[in-house]
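In what follows, a single structure is set out as structure tokens and then discussed.
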Amino acid sequence: MLHWYSAAPERDSLFELCAAVAGPDDTVVLLGEGVRAALAAGPALPDRVTWLAMKTDLAAQGIAENQLKASVGLIETDELVRLACRYPKVQSWP
Amino acid sequence: MLHWYSAAPERDSLFELCAAVAGPDDTVVLLGEGVRAALAAGPALPDRVTWLAMKTDLAAQGIAENQLKASVGLIETDELVRLACRYPKVQSWP
Amino acid sequence: MTEVLKPRETLLVLSEAPHISSRSRERLDLLLALAAGDWPVTVVFVDAGVLLLAPPAEPAELQDYPAGLGMLPLFGVDAVWAERGALQRYGLADTALRIPVRVGDAGEIRQLMEDAACLM
Amino acid sequence: MTEVLKPRETLLVLSEAPHISSRSRERLDLLLALAAGDWPVTVVFVDAGVLLLAPPAEPAELQDYPAGLGMLPLFGVDAVWAERGALQRYGLADTALRIPVRVGDAGEIRQLMEDAACLM
Amino acid sequence: MSLEFAIMVCHRPDNTLMARHAVTFAERALALGNTVNCVFFYGPGAAIALDPVLLSRDEFDPGERWQTLAKTGDLDLAVCVGSGERYGTVEETLADGFVITGLGRWLAAVAQADRVVRFS
Amino acid sequence: MSLEFAIMVCHRPDNTLMARHAVTFAERALALGNTVNCVFFYGPGAAIALDPVLLSRDEFDPGERWQTLAKTGDLDLAVCVGSGERYGTVEETLADGFVITGLGRWLAAVAQADRVVRFS
């Protein structure tokens with residue numbers, strides 16, 4: 001399953017639920033405010049899940065790549081489209 | 001000083017800052033979404049500060065009085081006006 | 001439109017508290033539209049969204065739109081779930097809710113997502 | 001209006017990240033209006049608001065409105081503070097920011113609020 | 001003791017909890033013998049001043065409550081011109097009882113007020 | 001493989017990050033050989049379809065990008081009537097290229113689509 005997480009990650013309770021719901025074959029794409037979850041000092045990202053973040057949202061919020069957890073991959077829109085084609089379903093949070 | 005806290009308390013980082021900034025002579029009024037901070041299972045409310053919550057916002061969100069921390073007082077608008085008269089300054093969060 | 005409407009097993013997650021933005025209202029409207037259109041629908045209340053399930057204590061001034069939930073049983077929607085942790089956090093674990101719910105944790109919510117044909 | 005405008009020592013707290021709502025933009029506009037009007041103004045960046053201080057890395061498509069901060073020194077505003085914990089959380093503790101800031105914790109932020117005549 | 005209030009309203013119109021507080025606060029402040037020198041609709045608050053003929057806010061319409069209050073008291077309902085342009089509140093779509101002004105109107109109100117409060 | 005998308009747009013117009021994603025996603029989905037059977041503006045998303053003559057969204061105007069895309073492709077830009085009434089997007093204030101419809105239009109799109117996505 002594909003997840004799009006765009007809520008502010010400072011809202012711990014929803015982020016933790018998303019991270020707990022996501023399974024081993026899942027990908028969570030962080031977008032919008034959600035990209036702040038990729039910060040090194042951000043919440044724990046379970047490594048059974050693939051974590052990606054939208055490059056443009058990091059740039060727009062002034063977040064540099066060296067501030068991120070190494071486990072988070074960076075993507076652009078074409079890859080977001082391809083993921084939405086590859087996975088049959090997308091869960092948007094919130 | 002008087003504080004009005006109306007952000008979602010699920011946004012831990014801002015709530016913790018407000019609670020840390022508030023001093024012994026301060027009153028923090030929880031209003032709007034902020035009233036959820038008064039829930040028994042909500043964040044810690046330092047007891048050097050006076051904590052109040054708007055009654056109507058609790059009711060509108062389906063929160064009953066027996067779900068709240070005992071240390072939180074409940075007020076209505078007239079008291080909010082009186083507090084704003086009594087304290088020279090109000091800090092609104094956010 | 002000439003296509004025949006083929007309803008799909010749909011899951012909705014409701015995560016927002018009532019009255020602080022129009023979002024919870026609109027998600028509820030969407031749920032009721034699906035139910036009224038005889039779509040097979042499952043709903044999961046999570047995070048502050050569980051407050052929609054709290055019994056009404058509204059001042060009359062605000063419209064009690066969560067009352068619309070009462071229509072779900074009439075539409076035959078009985079797949080209504082709520083997140084266990086959120087019910088506890090918001091003091092609703094032992095409260096009589098507006099409608100009967102099944103209580104689940106992350107594992108059960110995940111299974112509901114897997115079982116649905118469509119996530120809305 | 002015939003009253004004479006008496007500027008007051010004003011403190012603004014900016015707590016919202018750029019580009020995800022108009023709020024950060026509007027708080028910044030208010031700050032610049034105060035500064036341009038020669039009001040004695042102090043600004044404190046807290047929580048996600050510290051991201052306004054991050055050096056520009058914008059795609060050109062979004063207007064770089066935090067660049068307006070560069071005008072503060074020109075207006076003589078040098079009382080610019082940032083929350084220590086937030087700078088750390090957002091990875092900005094060791095970064096060259098858009099403008100020079102003083103770093104403070106809750107105690108110092110409280111003192112700024114006490115010293116101000118007006119909180120906006 | 002009678003105090004003079006300047007009130008900034010920045011919440012979104014669909015935050016019905018804050019909407020109700022802002023207008024009720026103004027009503028009760030007046031009822032308790034104070035004055036309100038300006039209610040300034042800033043940021044998303046500018047959308048509160050949209051003409052009700054364009055809207056159906058069935059849940060709670062803060063604009064109508066403000067209009068009623070303005071008719072009975074001597075309240076100045078000032079909408080920030082810049083915010084209005086961002087939210088579609090311009091002369092053609094402005095509700096009766098509101099006026100469009102610049103930030104200068106707000107600064108004048110603050111300079112003169114005993115108390116400055118913000119509903120956000 | 002070409003897939004048919006139904007896209008729900010529920011973010012607020014001032015969430016410029018999500019606004020940019022939604023329209024860029026639609027553009028790139030088409031460019032990569034897919035189809036989009038409906039873009040449904042729901043909830044706060046309805047305000048994206050306000051006539052640009054009433055607005056000055058200097059930072060980023062998602063409405064104009066959608067209009068441009070609708071002109072080049074065969075996209076259906078459908079605004080939910082109920083949401084429009086809440087945000088002031090009605091026939092008199094509707095931007096060119098958008099149509100006002102009911103939720104039924106969205107359900108028909110979902111029933112037919114291979115993929116359903118929501119930008120919130």
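Convention: chains lettered A, B, ... in structure tokens order; per-chain residue numbering from 1; ligands numbered from 1 as shown.
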Give me the least-squares superposed chain A (reference chain B; all C-alpha atoms paired in order) as a short mmCIF file (atom, residue, chain, number, x, y, z; two decimals) with N, CA and C atoms, in the first residue's frame.
data_model
loop_
_atom_site.label_atom_id
_atom_site.label_comp_id
_atom_site.auth_asym_id
_atom_site.auth_seq_id
_atom_site.Cartn_x
_atom_site.Cartn_y
_atom_site.Cartn_z
N MET A 1 0.90 37.64 33.40
CA MET A 1 0.56 37.68 31.98
C MET A 1 -0.56 36.66 31.72
N LEU A 2 -1.39 37.00 30.75
CA LEU A 2 -2.47 36.09 30.37
C LEU A 2 -2.10 35.44 29.04
N HIS A 3 -2.32 34.14 28.93
CA HIS A 3 -2.07 33.42 27.68
C HIS A 3 -3.38 32.83 27.18
N TRP A 4 -3.59 32.92 25.87
CA TRP A 4 -4.72 32.21 25.25
C TRP A 4 -4.11 31.14 24.37
N TYR A 5 -4.42 29.90 24.64
CA TYR A 5 -3.85 28.81 23.84
C TYR A 5 -4.95 28.15 23.03
N SER A 6 -4.88 28.32 21.72
CA SER A 6 -5.96 27.77 20.87
C SER A 6 -5.45 26.80 19.81
N ALA A 7 -4.17 26.47 19.81
CA ALA A 7 -3.66 25.48 18.83
C ALA A 7 -4.06 24.08 19.28
N ALA A 8 -4.00 23.14 18.36
CA ALA A 8 -4.25 21.75 18.72
C ALA A 8 -3.16 21.28 19.67
N PRO A 9 -3.50 20.75 20.83
CA PRO A 9 -2.46 20.34 21.78
C PRO A 9 -1.69 19.11 21.31
N GLU A 10 -2.21 18.44 20.27
CA GLU A 10 -1.46 17.34 19.67
C GLU A 10 -0.15 17.85 19.05
N ARG A 11 -0.09 19.16 18.81
CA ARG A 11 1.17 19.77 18.37
C ARG A 11 2.01 20.03 19.62
N ASP A 12 2.67 18.99 20.07
CA ASP A 12 3.37 19.00 21.35
C ASP A 12 4.33 20.17 21.52
N SER A 13 5.11 20.43 20.47
CA SER A 13 6.23 21.35 20.61
C SER A 13 5.77 22.75 20.99
N LEU A 14 4.70 23.23 20.40
CA LEU A 14 4.23 24.58 20.73
C LEU A 14 3.59 24.60 22.11
N PHE A 15 2.86 23.53 22.44
CA PHE A 15 2.23 23.50 23.76
C PHE A 15 3.27 23.49 24.86
N GLU A 16 4.32 22.71 24.65
CA GLU A 16 5.37 22.65 25.67
C GLU A 16 6.06 24.01 25.85
N LEU A 17 6.23 24.73 24.76
CA LEU A 17 6.85 26.05 24.88
C LEU A 17 5.95 26.99 25.68
N CYS A 18 4.67 26.98 25.36
CA CYS A 18 3.74 27.84 26.11
C CYS A 18 3.79 27.52 27.60
N ALA A 19 3.74 26.22 27.92
CA ALA A 19 3.75 25.81 29.33
C ALA A 19 5.05 26.21 30.01
N ALA A 20 6.16 26.21 29.26
CA ALA A 20 7.46 26.58 29.85
C ALA A 20 7.59 28.09 30.00
N VAL A 21 6.97 28.84 29.11
CA VAL A 21 7.06 30.30 29.14
C VAL A 21 6.18 30.88 30.25
N ALA A 22 5.05 30.25 30.51
CA ALA A 22 4.10 30.80 31.49
C ALA A 22 4.71 30.78 32.89
N GLY A 23 4.57 31.90 33.59
CA GLY A 23 5.17 32.04 34.91
C GLY A 23 4.15 31.92 36.04
N PRO A 24 4.63 32.07 37.28
CA PRO A 24 3.81 31.81 38.47
C PRO A 24 2.58 32.74 38.62
N ASP A 25 2.65 33.95 38.05
CA ASP A 25 1.48 34.81 38.17
C ASP A 25 0.58 34.73 36.94
N ASP A 26 0.91 33.80 36.06
CA ASP A 26 0.21 33.74 34.78
C ASP A 26 -1.04 32.87 34.83
N THR A 27 -1.94 33.16 33.92
CA THR A 27 -3.09 32.30 33.67
C THR A 27 -3.05 31.88 32.20
N VAL A 28 -3.23 30.59 31.96
CA VAL A 28 -3.36 30.12 30.58
C VAL A 28 -4.81 29.70 30.38
N VAL A 29 -5.47 30.35 29.41
CA VAL A 29 -6.83 29.96 29.06
C VAL A 29 -6.75 29.07 27.82
N LEU A 30 -7.28 27.87 27.93
CA LEU A 30 -7.35 26.95 26.79
C LEU A 30 -8.65 27.22 26.06
N LEU A 31 -8.57 27.49 24.78
CA LEU A 31 -9.80 27.71 24.02
C LEU A 31 -9.69 27.10 22.64
N GLY A 32 -10.84 26.96 21.98
CA GLY A 32 -10.85 26.29 20.68
C GLY A 32 -10.34 24.87 20.83
N GLU A 33 -9.52 24.44 19.87
CA GLU A 33 -8.92 23.11 19.94
C GLU A 33 -8.07 22.94 21.18
N GLY A 34 -7.55 24.06 21.68
CA GLY A 34 -6.63 24.01 22.83
C GLY A 34 -7.23 23.34 24.04
N VAL A 35 -8.57 23.34 24.16
CA VAL A 35 -9.17 22.75 25.36
C VAL A 35 -8.84 21.28 25.51
N ARG A 36 -8.46 20.63 24.41
CA ARG A 36 -8.13 19.20 24.54
C ARG A 36 -6.92 18.97 25.43
N ALA A 37 -6.13 20.02 25.65
CA ALA A 37 -5.00 19.89 26.58
C ALA A 37 -5.47 19.65 28.01
N ALA A 38 -6.73 19.92 28.29
CA ALA A 38 -7.26 19.74 29.65
C ALA A 38 -7.64 18.30 29.94
N LEU A 39 -7.64 17.46 28.92
CA LEU A 39 -8.03 16.06 29.12
C LEU A 39 -7.09 15.36 30.10
N ALA A 40 -7.65 14.45 30.89
CA ALA A 40 -6.85 13.73 31.88
C ALA A 40 -5.62 13.08 31.24
N ALA A 41 -5.79 12.51 30.02
CA ALA A 41 -4.67 11.84 29.35
C ALA A 41 -3.86 12.81 28.50
N GLY A 42 -4.09 14.11 28.66
CA GLY A 42 -3.39 15.11 27.86
C GLY A 42 -2.01 15.43 28.42
N PRO A 43 -1.38 16.47 27.90
CA PRO A 43 -0.02 16.83 28.32
C PRO A 43 0.01 17.33 29.77
N ALA A 44 1.19 17.29 30.36
CA ALA A 44 1.36 17.76 31.74
C ALA A 44 1.12 19.27 31.80
N LEU A 45 0.40 19.71 32.84
CA LEU A 45 0.14 21.13 33.03
C LEU A 45 0.86 21.58 34.31
N PRO A 46 1.97 22.30 34.20
CA PRO A 46 2.73 22.69 35.40
C PRO A 46 1.83 23.44 36.39
N ASP A 47 1.94 23.09 37.66
CA ASP A 47 0.96 23.67 38.59
C ASP A 47 1.37 25.02 39.17
N ARG A 48 2.48 25.58 38.71
CA ARG A 48 2.78 26.96 39.11
C ARG A 48 1.88 27.96 38.38
N VAL A 49 1.21 27.48 37.32
CA VAL A 49 0.39 28.33 36.46
C VAL A 49 -1.08 28.01 36.73
N THR A 50 -1.96 28.99 36.56
CA THR A 50 -3.39 28.74 36.64
C THR A 50 -3.91 28.34 35.26
N TRP A 51 -4.58 27.19 35.20
CA TRP A 51 -5.09 26.68 33.92
C TRP A 51 -6.61 26.76 33.90
N LEU A 52 -7.13 27.36 32.85
CA LEU A 52 -8.58 27.48 32.67
C LEU A 52 -8.95 26.98 31.27
N ALA A 53 -10.18 26.53 31.11
CA ALA A 53 -10.64 26.11 29.78
C ALA A 53 -12.04 26.66 29.55
N MET A 54 -12.32 26.98 28.29
CA MET A 54 -13.63 27.51 27.93
C MET A 54 -14.65 26.37 27.88
N LYS A 55 -15.68 26.52 28.69
CA LYS A 55 -16.70 25.49 28.84
C LYS A 55 -17.37 25.14 27.51
N THR A 56 -17.70 26.15 26.71
CA THR A 56 -18.44 25.88 25.47
C THR A 56 -17.62 25.05 24.48
N ASP A 57 -16.30 25.23 24.49
CA ASP A 57 -15.48 24.47 23.54
C ASP A 57 -15.39 23.00 23.94
N LEU A 58 -15.37 22.75 25.22
CA LEU A 58 -15.40 21.37 25.69
C LEU A 58 -16.70 20.72 25.24
N ALA A 59 -17.80 21.39 25.49
CA ALA A 59 -19.10 20.84 25.13
C ALA A 59 -19.18 20.59 23.62
N ALA A 60 -18.73 21.56 22.83
CA ALA A 60 -18.84 21.43 21.38
C ALA A 60 -18.02 20.27 20.86
N GLN A 61 -16.93 19.93 21.54
CA GLN A 61 -16.10 18.82 21.09
C GLN A 61 -16.45 17.51 21.79
N GLY A 62 -17.56 17.54 22.51
CA GLY A 62 -18.02 16.29 23.12
C GLY A 62 -17.20 15.85 24.31
N ILE A 63 -16.48 16.79 24.94
CA ILE A 63 -15.65 16.44 26.09
C ILE A 63 -16.42 16.74 27.37
N ALA A 64 -16.61 15.70 28.17
CA ALA A 64 -17.37 15.85 29.42
C ALA A 64 -16.43 16.28 30.55
N GLU A 65 -17.02 16.93 31.56
CA GLU A 65 -16.18 17.48 32.63
C GLU A 65 -15.42 16.40 33.38
N ASN A 66 -16.01 15.21 33.47
CA ASN A 66 -15.32 14.15 34.23
C ASN A 66 -14.14 13.54 33.47
N GLN A 67 -13.89 14.00 32.24
CA GLN A 67 -12.72 13.53 31.50
C GLN A 67 -11.51 14.46 31.70
N LEU A 68 -11.70 15.51 32.48
CA LEU A 68 -10.66 16.55 32.58
C LEU A 68 -9.78 16.37 33.81
N LYS A 69 -8.60 16.98 33.74
CA LYS A 69 -7.75 17.09 34.92
C LYS A 69 -8.47 17.98 35.95
N ALA A 70 -8.36 17.58 37.20
CA ALA A 70 -9.07 18.32 38.25
C ALA A 70 -8.51 19.73 38.42
N SER A 71 -7.28 19.94 37.99
CA SER A 71 -6.63 21.23 38.21
C SER A 71 -7.08 22.31 37.22
N VAL A 72 -7.89 21.95 36.25
CA VAL A 72 -8.31 22.93 35.24
C VAL A 72 -9.66 23.51 35.61
N GLY A 73 -9.73 24.83 35.70
CA GLY A 73 -11.00 25.50 35.99
C GLY A 73 -11.76 25.77 34.70
N LEU A 74 -13.08 25.81 34.80
CA LEU A 74 -13.89 26.07 33.61
C LEU A 74 -14.50 27.47 33.67
N ILE A 75 -14.45 28.18 32.56
CA ILE A 75 -14.97 29.54 32.54
C ILE A 75 -15.83 29.78 31.31
N GLU A 76 -16.55 30.91 31.36
CA GLU A 76 -17.33 31.36 30.19
C GLU A 76 -16.81 32.73 29.77
N THR A 77 -17.46 33.31 28.76
CA THR A 77 -16.88 34.49 28.13
C THR A 77 -16.74 35.69 29.08
N ASP A 78 -17.71 35.90 29.97
CA ASP A 78 -17.59 37.05 30.86
C ASP A 78 -16.29 36.99 31.67
N GLU A 79 -15.93 35.79 32.08
CA GLU A 79 -14.70 35.65 32.84
C GLU A 79 -13.48 35.90 31.94
N LEU A 80 -13.59 35.50 30.68
CA LEU A 80 -12.49 35.74 29.73
C LEU A 80 -12.28 37.25 29.56
N VAL A 81 -13.37 37.98 29.47
CA VAL A 81 -13.28 39.45 29.36
C VAL A 81 -12.65 40.02 30.63
N ARG A 82 -13.11 39.55 31.78
CA ARG A 82 -12.57 40.09 33.04
C ARG A 82 -11.07 39.81 33.17
N LEU A 83 -10.65 38.63 32.74
CA LEU A 83 -9.21 38.31 32.78
C LEU A 83 -8.43 39.24 31.86
N ALA A 84 -9.00 39.52 30.69
CA ALA A 84 -8.31 40.40 29.73
C ALA A 84 -8.25 41.83 30.27
N CYS A 85 -9.17 42.18 31.16
CA CYS A 85 -9.11 43.50 31.80
C CYS A 85 -8.09 43.50 32.94
N ARG A 86 -8.06 42.39 33.67
CA ARG A 86 -7.19 42.33 34.85
C ARG A 86 -5.72 42.28 34.47
N TYR A 87 -5.38 41.48 33.45
CA TYR A 87 -3.98 41.40 33.00
C TYR A 87 -3.72 42.46 31.93
N PRO A 88 -2.60 43.15 32.00
CA PRO A 88 -2.34 44.19 30.99
C PRO A 88 -2.09 43.63 29.59
N LYS A 89 -1.62 42.38 29.48
CA LYS A 89 -1.25 41.85 28.17
C LYS A 89 -1.74 40.42 27.99
N VAL A 90 -2.12 40.10 26.76
CA VAL A 90 -2.52 38.73 26.41
C VAL A 90 -1.60 38.23 25.31
N GLN A 91 -1.00 37.06 25.52
CA GLN A 91 -0.24 36.40 24.46
C GLN A 91 -1.12 35.30 23.86
N SER A 92 -1.42 35.43 22.57
CA SER A 92 -2.19 34.39 21.88
C SER A 92 -1.24 33.38 21.25
N TRP A 93 -1.50 32.12 21.50
CA TRP A 93 -0.74 31.01 20.89
C TRP A 93 -1.67 30.25 20.01
N PRO A 94 -1.45 30.05 18.75
CA PRO A 94 -0.29 30.52 17.99
C PRO A 94 -0.55 31.97 17.56
#
Write out as a list of chain:residue names each polymer residue whose atoms come within 9 Å of Gly85 of chain D, counting only C-alpha atoms; drop sequence neighbours fewer than 6 positions from it.
D:Val46, D:Asp47, D:Ala93, D:Gly104, D:Asp105
Take the residues that were just selected and, keeping N, CA, C and O atoms, output them as a PDB file, in the first residue's frame.
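again.pdb was written with the following content:
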ATOM      1  N   VAL D  46       9.617  30.879  16.858  1.00  0.00           N
ATOM      2  CA  VAL D  46       9.505  29.671  17.681  1.00  0.00           C
ATOM      3  C   VAL D  46       8.925  28.529  16.848  1.00  0.00           C
ATOM      4  O   VAL D  46       8.354  28.750  15.773  1.00  0.00           O
ATOM      5  N   ASP D  47       9.071  27.324  17.372  1.00  0.00           N
ATOM      6  CA  ASP D  47       8.506  26.125  16.753  1.00  0.00           C
ATOM      7  C   ASP D  47       8.813  26.142  15.239  1.00  0.00           C
ATOM      8  O   ASP D  47       9.911  26.532  14.849  1.00  0.00           O
ATOM      9  N   ALA D  93      20.585  24.742  14.035  1.00  0.00           N
ATOM     10  CA  ALA D  93      21.409  25.291  15.118  1.00  0.00           C
ATOM     11  C   ALA D  93      22.771  25.752  14.621  1.00  0.00           C
ATOM     12  O   ALA D  93      23.337  26.713  15.146  1.00  0.00           O
ATOM     13  N   GLY D 104      17.387  32.060  22.337  1.00  0.00           N
ATOM     14  CA  GLY D 104      16.896  32.068  23.705  1.00  0.00           C
ATOM     15  C   GLY D 104      16.050  30.854  24.008  1.00  0.00           C
ATOM     16  O   GLY D 104      15.565  30.174  23.101  1.00  0.00           O
ATOM     17  N   ASP D 105      15.906  30.573  25.300  1.00  0.00           N
ATOM     18  CA  ASP D 105      15.003  29.502  25.695  1.00  0.00           C
ATOM     19  C   ASP D 105      13.761  30.105  26.332  1.00  0.00           C
ATOM     20  O   ASP D 105      13.543  31.320  26.273  1.00  0.00           O
TER      21      ASP D 105
END
Proximal residues of chain D relative to chain A (only C-alpha atoms; 9 Å) as a ChimeraX atom specification
/D:17-20,48,51-59,62,64,88-92
Take the residues just selected and output them with N, CA and C atoms as a PDB file, in the first residue's frame.
ATOM      1  N   ALA D  17       5.405  27.535   9.887  1.00  0.00           N
ATOM      2  CA  ALA D  17       6.314  27.277   8.777  1.00  0.00           C
ATOM      3  C   ALA D  17       5.852  28.028   7.522  1.00  0.00           C
ATOM      4  N   PRO D  18       6.770  28.348   6.642  1.00  0.00           N
ATOM      5  CA  PRO D  18       6.388  29.023   5.398  1.00  0.00           C
ATOM      6  C   PRO D  18       5.656  28.098   4.430  1.00  0.00           C
ATOM      7  N   HIS D  19       4.795  28.692   3.618  1.00  0.00           N
ATOM      8  CA  HIS D  19       4.219  28.057   2.425  1.00  0.00           C
ATOM      9  C   HIS D  19       3.147  27.011   2.668  1.00  0.00           C
ATOM     10  N   ILE D  20       2.861  26.663   3.932  1.00  0.00           N
ATOM     11  CA  ILE D  20       1.830  25.659   4.125  1.00  0.00           C
ATOM     12  C   ILE D  20       0.503  26.302   4.494  1.00  0.00           C
ATOM     13  N   ALA D  48       7.879  25.723  14.407  1.00  0.00           N
ATOM     14  CA  ALA D  48       8.167  25.635  12.978  1.00  0.00           C
ATOM     15  C   ALA D  48       8.424  27.001  12.346  1.00  0.00           C
ATOM     16  N   LEU D  51      11.750  27.993  10.609  1.00  0.00           N
ATOM     17  CA  LEU D  51      12.047  27.652   9.211  1.00  0.00           C
ATOM     18  C   LEU D  51      12.032  28.891   8.314  1.00  0.00           C
ATOM     19  N   LEU D  52      11.374  29.959   8.755  1.00  0.00           N
ATOM     20  CA  LEU D  52      11.420  31.219   8.001  1.00  0.00           C
ATOM     21  C   LEU D  52      12.840  31.771   7.935  1.00  0.00           C
ATOM     22  N   LEU D  53      13.660  31.371   8.911  1.00  0.00           N
ATOM     23  CA  LEU D  53      15.029  31.876   8.987  1.00  0.00           C
ATOM     24  C   LEU D  53      16.007  31.083   8.128  1.00  0.00           C
ATOM     25  N   ALA D  54      15.565  29.929   7.645  1.00  0.00           N
ATOM     26  CA  ALA D  54      16.473  29.063   6.892  1.00  0.00           C
ATOM     27  C   ALA D  54      16.859  29.736   5.584  1.00  0.00           C
ATOM     28  N   PRO D  55      18.111  29.550   5.165  1.00  0.00           N
ATOM     29  CA  PRO D  55      18.555  30.181   3.914  1.00  0.00           C
ATOM     30  C   PRO D  55      17.700  29.714   2.746  1.00  0.00           C
ATOM     31  N   PRO D  56      17.515  30.565   1.752  1.00  0.00           N
ATOM     32  CA  PRO D  56      16.596  30.261   0.659  1.00  0.00           C
ATOM     33  C   PRO D  56      17.047  29.067  -0.166  1.00  0.00           C
ATOM     34  N   ALA D  57      16.132  28.177  -0.419  1.00  0.00           N
ATOM     35  CA  ALA D  57      16.407  27.041  -1.290  1.00  0.00           C
ATOM     36  C   ALA D  57      15.138  26.773  -2.078  1.00  0.00           C
ATOM     37  N   GLU D  58      14.434  27.853  -2.346  1.00  0.00           N
ATOM     38  CA  GLU D  58      13.110  27.758  -2.956  1.00  0.00           C
ATOM     39  C   GLU D  58      13.214  27.426  -4.438  1.00  0.00           C
ATOM     40  N   PRO D  59      12.287  26.628  -4.908  1.00  0.00           N
ATOM     41  CA  PRO D  59      12.098  26.604  -6.357  1.00  0.00           C
ATOM     42  C   PRO D  59      11.493  27.961  -6.718  1.00  0.00           C
ATOM     43  N   LEU D  62       7.607  29.378  -6.192  1.00  0.00           N
ATOM     44  CA  LEU D  62       7.014  29.974  -5.000  1.00  0.00           C
ATOM     45  C   LEU D  62       7.767  31.258  -4.680  1.00  0.00           C
ATOM     46  N   ASP D  64       9.631  33.948  -2.771  1.00  0.00           N
ATOM     47  CA  ASP D  64      10.475  33.827  -1.585  1.00  0.00           C
ATOM     48  C   ASP D  64      10.136  34.945  -0.602  1.00  0.00           C
ATOM     49  N   GLN D  88      17.290  23.564  17.003  1.00  0.00           N
ATOM     50  CA  GLN D  88      17.887  22.225  17.029  1.00  0.00           C
ATOM     51  C   GLN D  88      16.985  21.221  16.314  1.00  0.00           C
ATOM     52  N   ARG D  89      15.700  21.268  16.631  1.00  0.00           N
ATOM     53  CA  ARG D  89      14.771  20.290  16.064  1.00  0.00           C
ATOM     54  C   ARG D  89      14.730  20.374  14.542  1.00  0.00           C
ATOM     55  N   TYR D  90      14.842  21.573  14.019  1.00  0.00           N
ATOM     56  CA  TYR D  90      14.759  21.737  12.567  1.00  0.00           C
ATOM     57  C   TYR D  90      16.134  21.788  11.904  1.00  0.00           C
ATOM     58  N   GLY D  91      17.144  21.380  12.636  1.00  0.00           N
ATOM     59  CA  GLY D  91      18.473  21.253  12.033  1.00  0.00           C
ATOM     60  C   GLY D  91      19.120  22.584  11.680  1.00  0.00           C
ATOM     61  N   LEU D  92      18.755  23.660  12.380  1.00  0.00           N
ATOM     62  CA  LEU D  92      19.247  24.988  12.021  1.00  0.00           C
ATOM     63  C   LEU D  92      20.221  25.566  13.041  1.00  0.00           C
TER      64      LEU D  92
END
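Closest to chain E among D:Val101, D:Arg23, D:Glu16, D:Leu11 is D:Arg23, based on only C-alpha atoms.
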Quick one: contact table of chain E to chain F, 8 Å max, nearest atom pair and distance in Å to one decimal per residue, counting only C-alpha atoms, chain and number order, as a Markdown table?
| residue | atom | partner | partner_atom | distance |
| --- | --- | --- | --- | --- |
| E:Leu50 | CA | F:Gly88 | CA | 7.5 |
| E:Leu54 | CA | F:Gly88 | CA | 5.0 |
| E:Leu55 | CA | F:Glu85 | CA | 4.9 |
| E:Ser56 | CA | F:Glu85 | CA | 5.1 |
| E:Arg57 | CA | F:Arg86 | CA | 5.3 |
| E:Glu85 | CA | F:Leu55 | CA | 4.9 |
| E:Arg86 | CA | F:Ser56 | CA | 5.3 |
| E:Tyr87 | CA | F:Leu55 | CA | 6.6 |
| E:Gly88 | CA | F:Leu54 | CA | 5.0 |
| E:Thr89 | CA | F:Leu54 | CA | 7.4 |
| E:Val90 | CA | F:Leu54 | CA | 6.6 |
If you run DSSP on the backbone here, which positions in chain B get alpha helix (DSSP H)? Please write them as a ChimeraX atom specification.
/B:12-21,55-60,77-86
Grab the atom CA of Gly45 of chain F to atom CA of Leu30 of chain D distance for me, in Å with one decimal place.
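Between atom CA of Gly45 of chain F and atom CA of Leu30 of chain D the gap is 26.5 Å.
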For Pro100 of chain D, list every protein, DNA or RNA residue within 12 Å, evaluated using only C-alpha atoms, and leave out those in the same chain fewer than 4 positions away; present the list as a ChimeraX atom specification.
/D:53-55,69-70,72-73,77-82,95-96
Hey, which bits of chain F sit within 10 Å of chain C, and for each residue what's the closest pair of atoms and how far apart in Å (one decimal), counting only C-alpha atoms, rows by chain and increasing number, as a tab-separated table?
residue	atom	partner	partner_atom	distance
F:Met8	CA	C:Met120	CA	8.7
F:Cys10	CA	C:Arg23	CA	8.7
F:His11	CA	C:Arg23	CA	9.7
F:Tyr42	CA	C:Glu26	CA	8.0
F:Gly43	CA	C:Glu26	CA	6.1
F:Pro44	CA	C:Ser22	CA	7.7
F:Gly82	CA	C:Glu26	CA	9.1
F:Ser83	CA	C:Glu26	CA	7.9
F:Arg86	CA	C:Ser22	CA	8.9
F:Leu103	CA	C:Ala33	CA	7.4
F:Gly104	CA	C:Ala33	CA	8.3
F:Arg105	CA	C:Met1	CA	8.8
F:Leu107	CA	C:Leu5	CA	7.8
F:Ala108	CA	C:Leu5	CA	5.7
F:Ala109	CA	C:Leu5	CA	8.8
F:Val110	CA	C:Arg8	CA	8.3
F:Ala111	CA	C:Lys6	CA	5.3
F:Gln112	CA	C:Lys6	CA	7.4
F:Asp114	CA	C:Cys118	CA	9.7
F:Arg115	CA	C:Cys118	CA	8.3
F:Val116	CA	C:Cys118	CA	7.2
F:Val117	CA	C:Met120	CA	7.5
F:Arg118	CA	C:Met120	CA	7.1
F:Ser120	CA	C:Arg23	CA	9.6
Filtered DSSP result for chain B, state strand (DSSP E or B), as number ranges by chain:
B: 2-5, 11, 27-30, 39, 50-54, 68, 72-75, 90-93
Report, in Å to a single decimal, how far apart atom CA of Leu30 of chain E and atom CA of Glu64 of chain E are.
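If I compute the distance from atom CA of Glu64 of chain E to atom CA of Leu30 of chain E, I get 17.7 Å.
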